[in-house]
Amino acid sequence: MFIIYLQRDGESMTQQRPAALITGAATGIGRSVTLALARAGYDVAINYSQSEAAAKETAKQAEAAGAATLLHRCDVSDEAKVNAMLAAVKEKFGRLDVLINNAGTTTGMKHKDIDSISAGEWDRVFAVNVKSVFLVTRAAAPLLRESKGCIVNTASIVGLRPGPQPLPYSASKAAVVNLTKTLAYNLGPAVRVNAVAPGWMEGDWMQRMLGDKYRELMDRRAKMTPLKRCVRADDVAETMMTLIQSNRFVTGEVIVIDGGFTSST
């Protein structure tokens with residue numbers, strides 16, 4: 001549910017649609033939640049860093065769902081570029097009601113081999129996964145305060161419990177969990193801040209992580225999950241939309257989306 005604001009223009013009344021900014025919106029969770037927001041009546045600002053063709057496809061689908069779109073290429077770990085992106089959002093839409101901090105990256109690492117991680121790779125992962133959440137949130141805060149909007153961050157199950165993910169990625173997602181709770185305290189009561197923590201998710205990300213064992217290991221995980229499958233991007237988007245539209249008195253929470261796997265192991 002969202003509020004439609006009416007603005008008088010002479011003798012006519014025009015509807016002003018709510019607007020959302022989604023970082024890392026070209027594929028996966030970012031694309032799914034962008035399209036869910038478009039279908040729910042939001043105009044959408046689509047951030048991406050490298051996947052231009054995929055981002056344009058996301059914009060095309062969002063426009064087909066009725067949304068006005070802003071396509072903005074930006075390294076979300078660069079403060080000046082982030083500030084320029086929020087200025088573009090304000091110029092395009094005049095408002096911001098929802099921020100989805102979804103941009104993320106990882107790095108390769110041999111299992112339990114901490115010597116395989118360079119300091120540079122550690123810094124890169126934290127810049128994209130953690131620093132960006134702070135930078136984009138800070139830049140967006142004035143607009144979100146005006147609209148009494150909300151933020152949903154993409155964390156991960158490995159930010160809450162150990163898992164077979166590279167150390168920088170797991171540690172960065174634990175930082176996102178903490179940032180979510182701390183930002184909820186700092187931005188309340190005007191702005192709500194929550195996060196989602198997906199488990200093993202079907203798609204390109206886990207394919208890159210698991211390589212030629214992807215199907216075997218995903219099937220094994222599904223068998224160990226009460227709901228008998230792994231998470232999909234649309235499952236995450238659905239939960240994000242619930243946090244945006246329905247849970248008006250929920251803030252500082254991290255919602256696990258893993259089909260019950262963590263509760264049964």
# chains A, B, ... in the order shown; residues from 1 in each chain; ligands from 1
$ residues_around --residues "A:Ala87" --least-positions-apart "2" --cutoff "12 Å" --atoms "only C-alpha atoms" --output "number ranges by chain"
A: 21, 45, 70, 72, 80-85, 89-96, 136, 139-140, 142-143
$ residues_around --residues "A:Leu179" --least-positions-apart "4" --cutoff "8 Å" --atoms "only C-alpha atoms" --output "VMD selection string"
chain A and resid 134 175 183
$ write_last_selection --atoms "N, CA and C atoms" --output "mmCIF file, in the first residue's frame"
data_model
loop_
_atom_site.group_PDB
_atom_site.id
_atom_site.type_symbol
_atom_site.label_atom_id
_atom_site.label_comp_id
_atom_site.auth_asym_id
_atom_site.auth_seq_id
_atom_site.Cartn_x
_atom_site.Cartn_y
_atom_site.Cartn_z
ATOM 1 N N PHE A 134 26.235 2.939 3.712
ATOM 2 C CA PHE A 134 26.302 4.194 4.459
ATOM 3 C C PHE A 134 26.212 5.402 3.531
ATOM 4 N N ALA A 175 28.397 -6.824 8.834
ATOM 5 C CA ALA A 175 28.411 -5.369 9.015
ATOM 6 C C ALA A 175 27.108 -4.741 8.533
ATOM 7 N N LEU A 183 21.306 2.173 11.835
ATOM 8 C CA LEU A 183 20.627 3.193 11.040
ATOM 9 C C LEU A 183 19.152 3.319 11.425
#
$ residues_around --residues "A:Val98" --least-positions-apart "4" --cutoff "6 Å" --atoms "only C-alpha atoms" --output "list in words"
Ala20, Gly149, Cys150 and Ile151 of chain A
$ closest_residue --among "A:Ala237, A:Ile117, A:Val128, A:Leu227" --to "A:Tyr48" --atoms "only C-alpha atoms"
A:Val128
$ select_by_dssp --residues "stretch 49-178 of chain A" --states "alpha helix (DSSP H)" --output "ChimeraX atom specification"
/A:52-64,79-93,119-126,132-147,167-178
$ residues_around --residues "A:Thr262" --least-positions-apart "6" --cutoff "9 Å" --atoms "only C-alpha atoms" --output "PyMOL selection string"
chain A and resi 157+199+225+256
$ closest_residue --among "A:Ile114, A:Met241, A:Ala53, A:Ala233" --to "A:Asn194" --atoms "only C-alpha atoms"
A:Met241
$ residues_around --residues "A:Cys230" --least-positions-apart "4" --cutoff "8 Å" --atoms "only C-alpha atoms" --output "MDAnalysis selection string"
chainID A and resid 199:202 218 221:222 225 258:259
$ select_by_dssp --residues "stretch 66-250 of chain A" --states "strand (DSSP E)" --output "JSON, numbers by chain"
{"A": [69, 70, 71, 72, 73, 98, 99, 100, 101, 150, 151, 152, 153, 154, 192, 193, 194, 195, 196, 197, 198]}
$ write_last_selection --atoms "N, CA and C atoms" --output "PDB file, in the first residue's frame"
ATOM      1  N   THR A  69      11.256   5.675 -15.403  1.00  0.00           N
ATOM      2  CA  THR A  69      12.536   5.140 -14.940  1.00  0.00           C
ATOM      3  C   THR A  69      13.656   6.159 -15.091  1.00  0.00           C
ATOM      4  N   LEU A  70      14.654   6.004 -14.225  1.00  0.00           N
ATOM      5  CA  LEU A  70      15.908   6.728 -14.325  1.00  0.00           C
ATOM      6  C   LEU A  70      17.009   5.677 -14.283  1.00  0.00           C
ATOM      7  N   LEU A  71      17.785   5.599 -15.342  1.00  0.00           N
ATOM      8  CA  LEU A  71      18.888   4.642 -15.426  1.00  0.00           C
ATOM      9  C   LEU A  71      20.168   5.385 -15.077  1.00  0.00           C
ATOM     10  N   HIS A  72      20.859   4.957 -14.020  1.00  0.00           N
ATOM     11  CA  HIS A  72      22.018   5.727 -13.548  1.00  0.00           C
ATOM     12  C   HIS A  72      23.182   4.798 -13.246  1.00  0.00           C
ATOM     13  N   ARG A  73      24.251   4.945 -14.019  1.00  0.00           N
ATOM     14  CA  ARG A  73      25.473   4.173 -13.777  1.00  0.00           C
ATOM     15  C   ARG A  73      26.306   4.885 -12.718  1.00  0.00           C
ATOM     16  N   VAL A  98      11.446   5.063  -1.191  1.00  0.00           N
ATOM     17  CA  VAL A  98      12.030   3.762  -0.868  1.00  0.00           C
ATOM     18  C   VAL A  98      13.464   3.717  -1.378  1.00  0.00           C
ATOM     19  N   LEU A  99      14.357   3.211  -0.535  1.00  0.00           N
ATOM     20  CA  LEU A  99      15.735   2.932  -0.945  1.00  0.00           C
ATOM     21  C   LEU A  99      16.015   1.456  -0.712  1.00  0.00           C
ATOM     22  N   ILE A 100      16.471   0.780  -1.762  1.00  0.00           N
ATOM     23  CA  ILE A 100      16.913  -0.604  -1.653  1.00  0.00           C
ATOM     24  C   ILE A 100      18.419  -0.629  -1.834  1.00  0.00           C
ATOM     25  N   ASN A 101      19.157  -0.867  -0.747  1.00  0.00           N
ATOM     26  CA  ASN A 101      20.616  -0.997  -0.821  1.00  0.00           C
ATOM     27  C   ASN A 101      20.951  -2.452  -1.152  1.00  0.00           C
ATOM     28  N   CYS A 150      11.248   4.463   3.626  1.00  0.00           N
ATOM     29  CA  CYS A 150      11.868   3.308   4.258  1.00  0.00           C
ATOM     30  C   CYS A 150      13.039   2.801   3.423  1.00  0.00           C
ATOM     31  N   ILE A 151      13.880   2.027   4.094  1.00  0.00           N
ATOM     32  CA  ILE A 151      15.074   1.439   3.489  1.00  0.00           C
ATOM     33  C   ILE A 151      15.039  -0.055   3.729  1.00  0.00           C
ATOM     34  N   VAL A 152      15.411  -0.824   2.700  1.00  0.00           N
ATOM     35  CA  VAL A 152      15.619  -2.259   2.867  1.00  0.00           C
ATOM     36  C   VAL A 152      17.013  -2.587   2.340  1.00  0.00           C
ATOM     37  N   ASN A 153      17.829  -3.176   3.190  1.00  0.00           N
ATOM     38  CA  ASN A 153      19.187  -3.568   2.822  1.00  0.00           C
ATOM     39  C   ASN A 153      19.244  -5.059   2.511  1.00  0.00           C
ATOM     40  N   THR A 154      20.103  -5.428   1.578  1.00  0.00           N
ATOM     41  CA  THR A 154      20.316  -6.843   1.277  1.00  0.00           C
ATOM     42  C   THR A 154      21.513  -7.337   2.081  1.00  0.00           C
ATOM     43  N   ARG A 192      12.081   4.127   8.377  1.00  0.00           N
ATOM     44  CA  ARG A 192      12.272   2.750   8.835  1.00  0.00           C
ATOM     45  C   ARG A 192      13.408   2.099   8.052  1.00  0.00           C
ATOM     46  N   VAL A 193      14.199   1.259   8.726  1.00  0.00           N
ATOM     47  CA  VAL A 193      15.322   0.576   8.086  1.00  0.00           C
ATOM     48  C   VAL A 193      15.295  -0.899   8.482  1.00  0.00           C
ATOM     49  N   ASN A 194      15.180  -1.768   7.494  1.00  0.00           N
ATOM     50  CA  ASN A 194      15.193  -3.211   7.720  1.00  0.00           C
ATOM     51  C   ASN A 194      16.118  -3.880   6.704  1.00  0.00           C
ATOM     52  N   ALA A 195      16.316  -5.159   6.865  1.00  0.00           N
ATOM     53  CA  ALA A 195      17.166  -5.910   5.937  1.00  0.00           C
ATOM     54  C   ALA A 195      16.582  -7.291   5.709  1.00  0.00           C
ATOM     55  N   VAL A 196      16.984  -7.888   4.605  1.00  0.00           N
ATOM     56  CA  VAL A 196      16.662  -9.291   4.324  1.00  0.00           C
ATOM     57  C   VAL A 196      17.966 -10.078   4.278  1.00  0.00           C
ATOM     58  N   ALA A 197      17.881 -11.337   4.687  1.00  0.00           N
ATOM     59  CA  ALA A 197      19.063 -12.201   4.701  1.00  0.00           C
ATOM     60  C   ALA A 197      18.729 -13.486   3.956  1.00  0.00           C
ATOM     61  N   PRO A 198      18.921 -13.497   2.637  1.00  0.00           N
ATOM     62  CA  PRO A 198      18.613 -14.703   1.865  1.00  0.00           C
ATOM     63  C   PRO A 198      19.597 -15.830   2.167  1.00  0.00           C
TER      64      PRO A 198
END
$ closest_residue --among "A:Val125, A:Leu35, A:Val130, A:Ala174" --to "A:Pro162" --atoms "only C-alpha atoms"
A:Ala174
$ atom_distance --atom1 "atom CA of A:Val44" --atom2 "atom CA of A:Glu63"
9.1 Å
$ atom_distance --atom1 "atom CA of A:Val254" --atom2 "atom CA of A:Ser147"
22.7 Å
$ atom_distance --atom1 "atom CA of A:Ser172" --atom2 "atom CA of A:Ala103"
12.2 Å
$ closest_residue --among "A:Val133, A:Arg145, A:Gly211, A:Gly66" --to "A:Gly108" --atoms "only C-alpha atoms"
A:Gly211
$ residues_around --residues "A:Gln61" --least-positions-apart "5" --cutoff "12 Å" --atoms "only C-alpha atoms" --output "list in words"
Ala26, Thr27, Arg31, Ser32, Val33, Thr34, Leu35, Ala36, Leu37, Ala38, Arg39, Val44, Ile46, Ala54, Ala55, Lys56, Gly66, Ala67, Ala68 and Thr69 of chain A
$ closest_residue --among "A:Lys60, A:Lys213, A:Arg17, A:Arg208" --to "A:Gly41" --atoms "only C-alpha atoms"
A:Arg17
$ residues_around --residues "A:Thr107" --least-positions-apart "2" --cutoff "9 Å" --atoms "only C-alpha atoms" --output "number ranges by chain"
A: 105, 109, 117, 121-122, 124-125, 166-169
